[in-house]
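What follows is the content of start36.cif (mmCIF, C-alpha atoms).
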data_target
#
loop_
_atom_site.group_PDB
_atom_site.id
_atom_site.type_symbol
_atom_site.label_atom_id
_atom_site.label_comp_id
_atom_site.auth_asym_id
_atom_site.auth_seq_id
_atom_site.Cartn_x
_atom_site.Cartn_y
_atom_site.Cartn_z
ATOM 1 C CA MET K 1 84.983 56.351 74.460
ATOM 2 C CA SER K 2 85.476 58.515 77.490
ATOM 3 C CA GLN K 3 88.894 58.324 79.066
ATOM 4 C CA GLU K 4 90.353 59.088 82.429
ATOM 5 C CA PRO K 5 91.323 62.737 82.390
ATOM 6 C CA ARG K 6 95.077 63.065 82.158
ATOM 7 C CA PRO K 7 96.705 65.532 84.517
ATOM 8 C CA LEU K 8 98.554 68.523 83.089
ATOM 9 C CA PRO K 9 102.138 69.266 84.073
ATOM 10 C CA LYS K 10 101.976 71.088 87.411
ATOM 11 C CA ASP K 11 103.627 74.248 86.027
ATOM 12 C CA LEU K 12 100.981 74.486 83.316
ATOM 13 C CA GLU K 13 98.097 73.699 85.643
ATOM 14 C CA GLU K 14 99.163 76.544 87.891
ATOM 15 C CA ALA K 15 99.822 79.026 85.111
ATOM 16 C CA ILE K 16 96.918 78.553 82.708
ATOM 17 C CA ALA K 17 93.823 80.679 83.202
ATOM 18 C CA PHE K 18 91.010 78.751 81.573
ATOM 19 C CA ASP K 19 87.947 80.928 80.983
ATOM 20 C CA SER K 20 84.556 80.445 82.612
ATOM 21 C CA ASP K 21 83.764 77.769 79.999
ATOM 22 C CA GLY K 22 86.985 75.939 80.810
ATOM 23 C CA LEU K 23 88.574 76.989 77.531
ATOM 24 C CA VAL K 24 91.726 78.779 76.445
ATOM 25 C CA PRO K 25 92.421 80.139 72.951
ATOM 26 C CA ALA K 26 95.341 78.546 71.122
ATOM 27 C CA VAL K 27 97.120 80.212 68.215
ATOM 28 C CA ALA K 28 98.938 77.809 65.899
ATOM 29 C CA ARG K 29 101.943 78.895 63.895
ATOM 30 C CA GLN K 30 104.239 76.923 61.636
ATOM 31 C CA HIS K 31 107.377 76.367 63.699
ATOM 32 C CA ASP K 32 109.927 77.109 60.984
ATOM 33 C CA SER K 33 108.315 79.633 58.643
ATOM 34 C CA GLY K 34 106.420 81.473 61.366
ATOM 35 C CA GLU K 35 103.164 81.506 59.374
ATOM 36 C CA VAL K 36 100.171 82.054 61.643
ATOM 37 C CA LEU K 37 97.886 79.199 60.643
ATOM 38 C CA MET K 38 94.751 79.355 62.768
ATOM 39 C CA MET K 39 93.235 80.019 66.158
ATOM 40 C CA ALA K 40 91.072 77.496 67.958
ATOM 41 C CA TRP K 41 90.177 76.542 71.521
ATOM 42 C CA MET K 42 91.396 73.956 73.993
ATOM 43 C CA ASN K 43 89.974 72.684 77.206
ATOM 44 C CA ARG K 44 92.057 70.845 79.797
ATOM 45 C CA GLU K 45 91.348 67.479 78.159
ATOM 46 C CA ALA K 46 92.325 68.682 74.676
ATOM 47 C CA LEU K 47 95.554 70.139 75.993
ATOM 48 C CA ALA K 48 96.378 66.960 77.891
ATOM 49 C CA ALA K 49 95.675 64.867 74.768
ATOM 50 C CA THR K 50 97.911 67.166 72.723
ATOM 51 C CA LEU K 51 100.776 66.830 75.174
ATOM 52 C CA ALA K 52 100.356 63.076 75.501
ATOM 53 C CA SER K 53 100.221 62.353 71.773
ATOM 54 C CA GLY K 54 102.204 65.219 70.236
ATOM 55 C CA GLN K 55 99.282 65.659 67.805
ATOM 56 C CA VAL K 56 97.380 68.894 68.317
ATOM 57 C CA THR K 57 93.851 68.362 69.591
ATOM 58 C CA TYR K 58 91.384 71.207 70.056
ATOM 59 C CA TRP K 59 87.946 71.493 71.605
ATOM 60 C CA SER K 60 85.265 72.110 69.012
ATOM 61 C CA ARG K 61 82.804 74.596 70.457
ATOM 62 C CA SER K 62 80.300 73.889 67.677
ATOM 63 C CA ARG K 63 80.466 70.093 67.972
ATOM 64 C CA LYS K 64 81.144 70.157 71.710
ATOM 65 C CA GLY K 65 83.797 67.504 71.488
ATOM 66 C CA LEU K 66 87.492 66.877 71.156
ATOM 67 C CA TRP K 67 88.751 67.623 67.668
ATOM 68 C CA ARG K 68 92.041 66.064 66.740
ATOM 69 C CA LYS K 69 93.207 68.428 64.021
ATOM 70 C CA GLY K 70 93.323 66.530 60.727
ATOM 71 C CA GLU K 71 91.298 63.578 61.965
ATOM 72 C CA ARG K 72 89.097 63.760 58.844
ATOM 73 C CA SER K 73 91.298 65.656 56.416
ATOM 74 C CA GLY K 74 94.662 64.151 57.265
ATOM 75 C CA GLN K 75 96.057 67.669 57.706
ATOM 76 C CA VAL K 76 97.478 66.983 61.152
ATOM 77 C CA GLN K 77 99.491 69.337 63.332
ATOM 78 C CA THR K 78 102.492 67.973 65.173
ATOM 79 C CA LEU K 79 103.361 69.983 68.259
ATOM 80 C CA LYS K 80 106.913 71.296 68.333
ATOM 81 C CA ARG K 81 106.677 73.709 71.258
ATOM 82 C CA LEU K 82 103.985 75.163 73.488
ATOM 83 C CA LEU K 83 104.198 78.728 74.766
ATOM 84 C CA LEU K 84 102.011 80.584 77.244
ATOM 85 C CA ASP K 85 101.437 84.313 77.457
ATOM 86 C CA CYS K 86 102.070 86.590 80.415
ATOM 87 C CA ASP K 87 98.643 86.319 81.972
ATOM 88 C CA GLY K 88 98.209 82.669 81.122
ATOM 89 C CA ASP K 89 95.071 83.059 79.087
ATOM 90 C CA THR K 90 96.391 82.334 75.587
ATOM 91 C CA LEU K 91 98.513 79.507 74.193
ATOM 92 C CA LEU K 92 100.873 79.750 71.253
ATOM 93 C CA LEU K 93 101.472 76.404 69.566
ATOM 94 C CA GLU K 94 104.515 76.015 67.361
ATOM 95 C CA VAL K 95 103.505 73.170 65.081
ATOM 96 C CA ASP K 96 104.458 71.318 61.959
ATOM 97 C CA GLN K 97 101.351 71.562 59.788
ATOM 98 C CA ALA K 98 100.826 68.779 57.267
ATOM 99 C CA GLY K 99 99.378 70.261 54.095
ATOM 100 C CA VAL K 100 96.895 73.028 54.747
ATOM 101 C CA ALA K 101 95.463 74.322 58.016
ATOM 102 C CA CYS K 102 92.243 75.744 56.581
ATOM 103 C CA HIS K 103 89.180 73.727 55.639
ATOM 104 C CA THR K 104 88.937 75.915 52.519
ATOM 105 C CA GLY K 105 92.168 74.331 51.249
ATOM 106 C CA ARG K 106 94.388 77.287 52.037
ATOM 107 C CA ARG K 107 97.578 77.052 54.036
ATOM 108 C CA SER K 108 96.297 79.438 56.724
ATOM 109 C CA CYS K 109 92.817 80.346 57.900
ATOM 110 C CA PHE K 110 93.866 84.021 57.780
ATOM 111 C CA TYR K 111 93.493 84.403 54.038
ATOM 112 C CA ARG K 112 91.399 87.567 53.858
ATOM 113 C CA ALA K 113 92.956 91.002 54.285
ATOM 114 C CA LEU K 114 91.400 94.420 54.453
ATOM 115 C CA GLU K 115 92.576 96.585 51.573
ATOM 116 C CA GLY K 116 90.971 99.986 51.753
ATOM 117 C CA GLU K 117 87.328 99.174 52.465
ATOM 118 C CA ALA K 118 87.380 95.724 50.878
ATOM 119 C CA LEU K 119 88.263 92.254 52.140
ATOM 120 C CA VAL K 120 90.405 90.552 49.532
ATOM 121 C CA GLU K 121 91.760 87.010 49.377
ATOM 122 C CA VAL K 122 95.511 86.985 49.810
ATOM 123 C CA LEU K 123 96.220 83.244 49.880
ATOM 124 C CA PRO K 124 95.454 80.749 47.122
ATOM 125 C CA VAL K 125 93.568 77.482 47.468
ATOM 126 C CA THR K 126 96.344 74.924 47.209
ATOM 127 C CA THR K 127 94.344 71.783 48.015
ATOM 128 C CA ASP K 128 90.885 71.023 46.672
ATOM 129 C CA PRO K 129 88.604 70.930 49.739
ATOM 130 C CA THR K 130 86.682 67.991 48.272
ATOM 131 C CA GLN K 131 89.943 66.042 48.437
ATOM 132 C CA LEU K 132 90.180 66.906 52.134
ATOM 133 C CA TYR K 133 86.676 65.925 53.134
ATOM 134 C CA GLY K 134 85.350 63.765 50.280
ATOM 135 C CA GLU K 135 82.199 64.511 48.330
ATOM 136 C CA MET X 1 84.330 111.284 76.440
ATOM 137 C CA SER X 2 81.942 109.072 74.570
ATOM 138 C CA GLN X 3 82.024 109.410 70.828
ATOM 139 C CA GLU X 4 79.666 108.607 68.005
ATOM 140 C CA PRO X 5 80.325 105.002 67.039
ATOM 141 C CA ARG X 6 82.191 104.877 63.747
ATOM 142 C CA PRO X 7 80.885 102.415 61.185
ATOM 143 C CA LEU X 8 83.099 99.547 60.069
ATOM 144 C CA PRO X 9 83.792 98.934 56.389
ATOM 145 C CA LYS X 10 80.810 97.022 55.022
ATOM 146 C CA ASP X 11 82.887 93.974 54.057
ATOM 147 C CA LEU X 12 84.210 93.690 57.607
ATOM 148 C CA GLU X 13 80.838 94.289 59.221
ATOM 149 C CA GLU X 14 79.388 91.429 57.202
ATOM 150 C CA ALA X 15 82.303 89.064 57.744
ATOM 151 C CA ILE X 16 83.181 89.464 61.422
ATOM 152 C CA ALA X 17 81.505 87.186 63.926
ATOM 153 C CA PHE X 18 81.674 89.030 67.239
ATOM 154 C CA ASP X 19 80.969 86.741 70.176
ATOM 155 C CA SER X 20 78.021 87.031 72.541
ATOM 156 C CA ASP X 21 79.902 89.731 74.462
ATOM 157 C CA GLY X 22 80.487 91.696 71.260
ATOM 158 C CA LEU X 23 84.176 90.795 71.226
ATOM 159 C CA VAL X 24 86.593 89.177 68.816
ATOM 160 C CA PRO X 25 90.106 87.957 69.658
ATOM 161 C CA ALA X 26 92.937 89.726 67.869
ATOM 162 C CA VAL X 27 96.408 88.224 67.476
ATOM 163 C CA ALA X 28 99.172 90.781 66.918
ATOM 164 C CA ARG X 29 102.324 89.882 65.043
ATOM 165 C CA GLN X 30 105.257 92.011 64.009
ATOM 166 C CA HIS X 31 104.733 92.657 60.315
ATOM 167 C CA ASP X 32 108.307 92.101 59.160
ATOM 168 C CA SER X 33 109.834 89.590 61.573
ATOM 169 C CA GLY X 34 106.640 87.587 62.030
ATOM 170 C CA GLU X 35 107.033 87.454 65.828
ATOM 171 C CA VAL X 36 103.729 86.712 67.531
ATOM 172 C CA LEU X 37 103.513 89.491 70.107
ATOM 173 C CA MET X 38 100.254 89.136 72.012
ATOM 174 C CA MET X 39 96.571 88.308 71.872
ATOM 175 C CA ALA X 40 93.896 90.672 73.128
ATOM 176 C CA TRP X 41 90.265 91.482 72.392
ATOM 177 C CA MET X 42 88.450 94.044 70.310
ATOM 178 C CA ASN X 43 84.877 95.167 70.221
ATOM 179 C CA ARG X 44 83.357 97.023 67.276
ATOM 180 C CA GLU X 45 84.382 100.387 68.710
ATOM 181 C CA ALA X 46 87.992 99.339 69.317
ATOM 182 C CA LEU X 47 88.268 97.990 65.796
ATOM 183 C CA ALA X 48 86.766 101.149 64.325
ATOM 184 C CA ALA X 49 89.178 103.289 66.359
ATOM 185 C CA THR X 50 92.092 101.160 65.176
ATOM 186 C CA LEU X 51 91.112 101.550 61.536
ATOM 187 C CA ALA X 52 90.468 105.275 61.877
ATOM 188 C CA SER X 53 93.734 106.083 63.653
ATOM 189 C CA GLY X 54 96.100 103.363 62.455
ATOM 190 C CA GLN X 55 97.048 102.865 66.118
ATOM 191 C CA VAL X 56 95.919 99.538 67.526
ATOM 192 C CA THR X 57 93.219 99.880 70.163
ATOM 193 C CA TYR X 58 91.857 96.919 72.107
ATOM 194 C CA TRP X 59 88.999 96.423 74.521
ATOM 195 C CA SER X 60 90.205 95.770 78.039
ATOM 196 C CA ARG X 61 87.948 93.132 79.551
ATOM 197 C CA SER X 62 89.319 93.816 83.027
ATOM 198 C CA ARG X 63 88.965 97.599 82.869
ATOM 199 C CA LYS X 64 85.895 97.461 80.618
ATOM 200 C CA GLY X 65 87.114 100.240 78.408
ATOM 201 C CA LEU X 66 89.001 101.038 75.247
ATOM 202 C CA TRP X 67 92.707 100.449 75.607
ATOM 203 C CA ARG X 68 94.906 102.173 73.095
ATOM 204 C CA LYS X 69 97.966 99.953 73.156
ATOM 205 C CA GLY X 70 100.894 101.934 74.540
ATOM 206 C CA GLU X 71 98.763 104.764 75.911
ATOM 207 C CA ARG X 72 100.628 104.561 79.223
ATOM 208 C CA SER X 73 103.863 102.829 78.257
ATOM 209 C CA GLY X 74 104.489 104.469 74.887
ATOM 210 C CA GLN X 75 104.841 101.009 73.348
ATOM 211 C CA VAL X 76 102.324 101.656 70.587
ATOM 212 C CA GLN X 77 101.343 99.331 67.771
ATOM 213 C CA THR X 78 100.913 100.777 64.296
ATOM 214 C CA LEU X 79 98.600 98.723 62.130
ATOM 215 C CA LYS X 80 100.124 97.564 58.874
ATOM 216 C CA ARG X 81 97.509 95.067 57.737
ATOM 217 C CA LEU X 82 94.410 93.436 59.160
ATOM 218 C CA LEU X 83 93.497 89.852 58.308
ATOM 219 C CA LEU X 84 90.404 87.824 59.145
ATOM 220 C CA ASP X 85 90.119 84.071 59.466
ATOM 221 C CA CYS X 86 87.843 81.740 57.541
ATOM 222 C CA ASP X 87 84.940 81.810 59.963
ATOM 223 C CA GLY X 88 85.362 85.469 60.824
ATOM 224 C CA ASP X 89 85.853 84.987 64.529
ATOM 225 C CA THR X 90 89.551 85.875 64.876
ATOM 226 C CA LEU X 91 91.594 88.828 63.651
ATOM 227 C CA LEU X 92 95.277 88.780 62.794
ATOM 228 C CA LEU X 93 96.902 92.190 63.088
ATOM 229 C CA GLU X 94 100.181 92.776 61.312
ATOM 230 C CA VAL X 95 101.671 95.630 63.282
ATOM 231 C CA ASP X 96 104.796 97.622 63.834
ATOM 232 C CA GLN X 97 105.438 97.288 67.569
ATOM 233 C CA ALA X 98 107.350 100.121 69.210
ATOM 234 C CA GLY X 99 109.654 98.674 71.847
ATOM 235 C CA VAL X 100 108.111 95.776 73.718
ATOM 236 C CA ALA X 101 104.613 94.326 73.567
ATOM 237 C CA CYS X 102 104.584 92.800 77.040
ATOM 238 C CA HIS X 103 104.021 94.714 80.264
ATOM 239 C CA THR X 104 106.815 92.605 81.784
ATOM 240 C CA GLY X 105 109.284 94.359 79.463
ATOM 241 C CA ARG X 106 109.667 91.484 77.037
ATOM 242 C CA ARG X 107 109.235 91.818 73.304
ATOM 243 C CA SER X 108 106.372 89.292 73.218
ATOM 244 C CA CYS X 109 103.835 88.192 75.822
ATOM 245 C CA PHE X 110 104.565 84.575 74.830
ATOM 246 C CA TYR X 111 107.785 84.284 76.776
ATOM 247 C CA ARG X 112 107.185 81.042 78.652
ATOM 248 C CA ALA X 113 107.632 77.667 76.962
ATOM 249 C CA LEU X 114 106.966 74.172 78.192
ATOM 250 C CA GLU X 115 110.160 72.150 78.324
ATOM 251 C CA GLY X 116 109.464 68.677 79.604
ATOM 252 C CA GLU X 117 107.212 69.301 82.579
ATOM 253 C CA ALA X 118 108.502 72.804 83.325
ATOM 254 C CA LEU X 119 107.597 76.263 82.090
ATOM 255 C CA VAL X 120 110.790 78.138 81.327
ATOM 256 C CA GLU X 121 111.357 81.731 80.288
ATOM 257 C CA VAL X 122 112.596 81.925 76.719
ATOM 258 C CA LEU X 123 112.657 85.685 76.157
ATOM 259 C CA PRO X 124 114.717 88.222 78.115
ATOM 260 C CA VAL X 125 113.431 91.386 79.761
ATOM 261 C CA THR X 126 114.756 94.075 77.426
ATOM 262 C CA THR X 127 113.025 97.083 78.975
ATOM 263 C CA ASP X 128 112.697 97.731 82.699
ATOM 264 C CA PRO X 129 108.944 97.639 83.437
ATOM 265 C CA THR X 130 109.324 100.528 85.882
ATOM 266 C CA GLN X 131 110.486 102.617 82.912
ATOM 267 C CA LEU X 132 107.285 101.654 81.084
ATOM 268 C CA TYR X 133 104.858 102.461 83.849
ATOM 269 C CA GLY X 134 106.752 104.611 86.317
ATOM 270 C CA GLU X 135 107.214 103.808 89.978
#

Let's see the structure in the file written out as structure tokens.
Amino acid sequence: MSQEPRPLPKDLEEAIAFDSDGLVPAVARQHDSGEVLMMAWMNREALAATLASGQVTYWSRSRKGLWRKGERSGQVQTLKRLLLDCDGDTLLLEVDQAGVACHTGRRSCFYRALEGEALVEVLPVTTDPTQLYGE
Amino acid sequence: MSQEPRPLPKDLEEAIAFDSDGLVPAVARQHDSGEVLMMAWMNREALAATLASGQVTYWSRSRKGLWRKGERSGQVQTLKRLLLDCDGDTLLLEVDQAGVACHTGRRSCFYRALEGEALVEVLPVTTDPTQLYGE
């Protein structure tokens, strides 16, 4: 199912500093509420697929493949705006997150906070993970 | 000026997945407004220094040294809360940013957005960079 690599917009191609593995970290935030949802990685192909489809697609470093967010769980991310930082090595994705971003069933992956010396859970599970991924 | 390495809280030590270079990406957001300010990297020592002092300290990959944010510019970040994501490989820092986060004099490093095929600047320079770093 390999596809012709899509080119990136010239401005982006010139400005993005992919790392030595060809990856760039991408922070996703909910476009209206500002919630920081997750951080994952993109390669050139994932970014091109995201721009072409409007559906956020990452590169899974563990599975070594494109990972269209929500492809199994249905919890897709629709891209609203893409921002780039000053040195071009991090993306900020303003998205509309369907349901929950985290595979644990929480809205955001950042659900543990340090309080004193302890990590405590600060976000509730709002969707049963077995409903996201089946038994 | 080397110091004894400070231990991390046990919960954090067990939960954080530093990468093969001993680093973890850290996303900084303004604690009250929710603005995403920047992304940089921490090693164990930078994180320990941040927790001990309450002033955010990163690891500069280019300078290969600890980088107390604002040490030259005065634009320090005071840590309000530290969050960790589900797989422990990204930190979210809720901070109080003095002045501007970006060395270009903009509030956030994410000041370029893709509009159509073009990257456009979406945040103004609010502080003259020569005032931050001298001539």

With 8 Å on each side, where is the centre of the axis-aligned box around all listed atoms of stretch 25-44 of chain K, and how long are its edges in Å to one decimal, as AutoDock Vina command-line options?
--center_x 100.0 --center_y 76.4 --center_z 69.2 --size_x 36.0 --size_y 27.2 --size_z 37.2

Test item: residues at most 9 Å from X:Gly34, all atoms listed in the file, excluding those fewer than 2 positions along its chain, as a compact mmCIF listing (two decimals) with C-alpha atoms, in the coordinates of the input:
# COMPACT_ATOMS: atom_id res chain seq x y z
CA SER K 33 108.32 79.63 58.64
CA GLY K 34 106.42 81.47 61.37
CA GLU K 35 103.16 81.51 59.37
CA VAL K 36 100.17 82.05 61.64
CA ARG X 29 102.32 89.88 65.04
CA GLN X 30 105.26 92.01 64.01
CA HIS X 31 104.73 92.66 60.32
CA ASP X 32 108.31 92.10 59.16
CA VAL X 36 103.73 86.71 67.53
CA LEU X 37 103.51 89.49 70.11
CA GLU X 94 100.18 92.78 61.31

Evaluate the PyMOL selection byres ((chain K) within 6 of (chain X)) and record the selected residues as a ChimeraX atom specification, following the chain and residue labels used in the document. /K:9,11,82-86,109-110,112-114,117-119

May I have the selected residues written with C-alpha atoms, as a JSON list (two decimals), in the frame of the given file?
[["chain", "number", "residue", "atom", "x", "y", "z"],
["K", 9, "PRO", "CA", 102.14, 69.27, 84.07],
["K", 11, "ASP", "CA", 103.63, 74.25, 86.03],
["K", 82, "LEU", "CA", 103.98, 75.16, 73.49],
["K", 83, "LEU", "CA", 104.20, 78.73, 74.77],
["K", 84, "LEU", "CA", 102.01, 80.58, 77.24],
["K", 85, "ASP", "CA", 101.44, 84.31, 77.46],
["K", 86, "CYS", "CA", 102.07, 86.59, 80.42],
["K", 109, "CYS", "CA", 92.82, 80.35, 57.90],
["K", 110, "PHE", "CA", 93.87, 84.02, 57.78],
["K", 112, "ARG", "CA", 91.40, 87.57, 53.86],
["K", 113, "ALA", "CA", 92.96, 91.00, 54.28],
["K", 114, "LEU", "CA", 91.40, 94.42, 54.45],
["K", 117, "GLU", "CA", 87.33, 99.17, 52.46],
["K", 118, "ALA", "CA", 87.38, 95.72, 50.88],
["K", 119, "LEU", "CA", 88.26, 92.25, 52.14]]

Which protein, DNA or RNA residues have an atom at most 8 Å from (90.9, 66.1, 68.0), counting only C-alpha atoms? List them as a PyMOL selection string. chain K and resi 46+56-59+66-71

Env of X:Gly99: 9 Å cut, atoms = all atoms listed in the file, seq-sep filter 4 positions within chain, self excluded. Answer as a PyMOL selection string. chain X and resi 74-76+105-107+126-127

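Computed from the coordinates, the atom CA of X:Val95 to atom CA of X:Gly54 distance equals 9.6 Å.
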
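Here atom CA of X:Gln97 stands at a distance of 4.6 Å from atom CA of X:Gln77.
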
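Between atom CA of K:Arg6 and atom CA of K:Thr78 lies a distance of 19.2 Å.
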
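For the residues K:Leu79, K:Gly134, K:Ser73, K:Ser20, ranking by smallest atom-to-atom distance to K:Ala52 using only C-alpha atoms places K:Leu79 first.
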
Write out as a PyMOL selection string each polymer residue whose atoms come within 8 Å of X:Arg44, counting all atoms listed in the file; drop sequence neighbours fewer than 2 positions from it. chain X and resi 8+22-23+42+46-48

Output C-alpha atoms of each residue in that selection to a file, as a short mmCIF file (atom, residue, chain, number, x, y, z; two decimals), in the frame of the given file.
data_model
loop_
_atom_site.label_atom_id
_atom_site.label_comp_id
_atom_site.auth_asym_id
_atom_site.auth_seq_id
_atom_site.Cartn_x
_atom_site.Cartn_y
_atom_site.Cartn_z
CA LEU X 8 83.10 99.55 60.07
CA GLY X 22 80.49 91.70 71.26
CA LEU X 23 84.18 90.80 71.23
CA MET X 42 88.45 94.04 70.31
CA ALA X 46 87.99 99.34 69.32
CA LEU X 47 88.27 97.99 65.80
CA ALA X 48 86.77 101.15 64.32
#
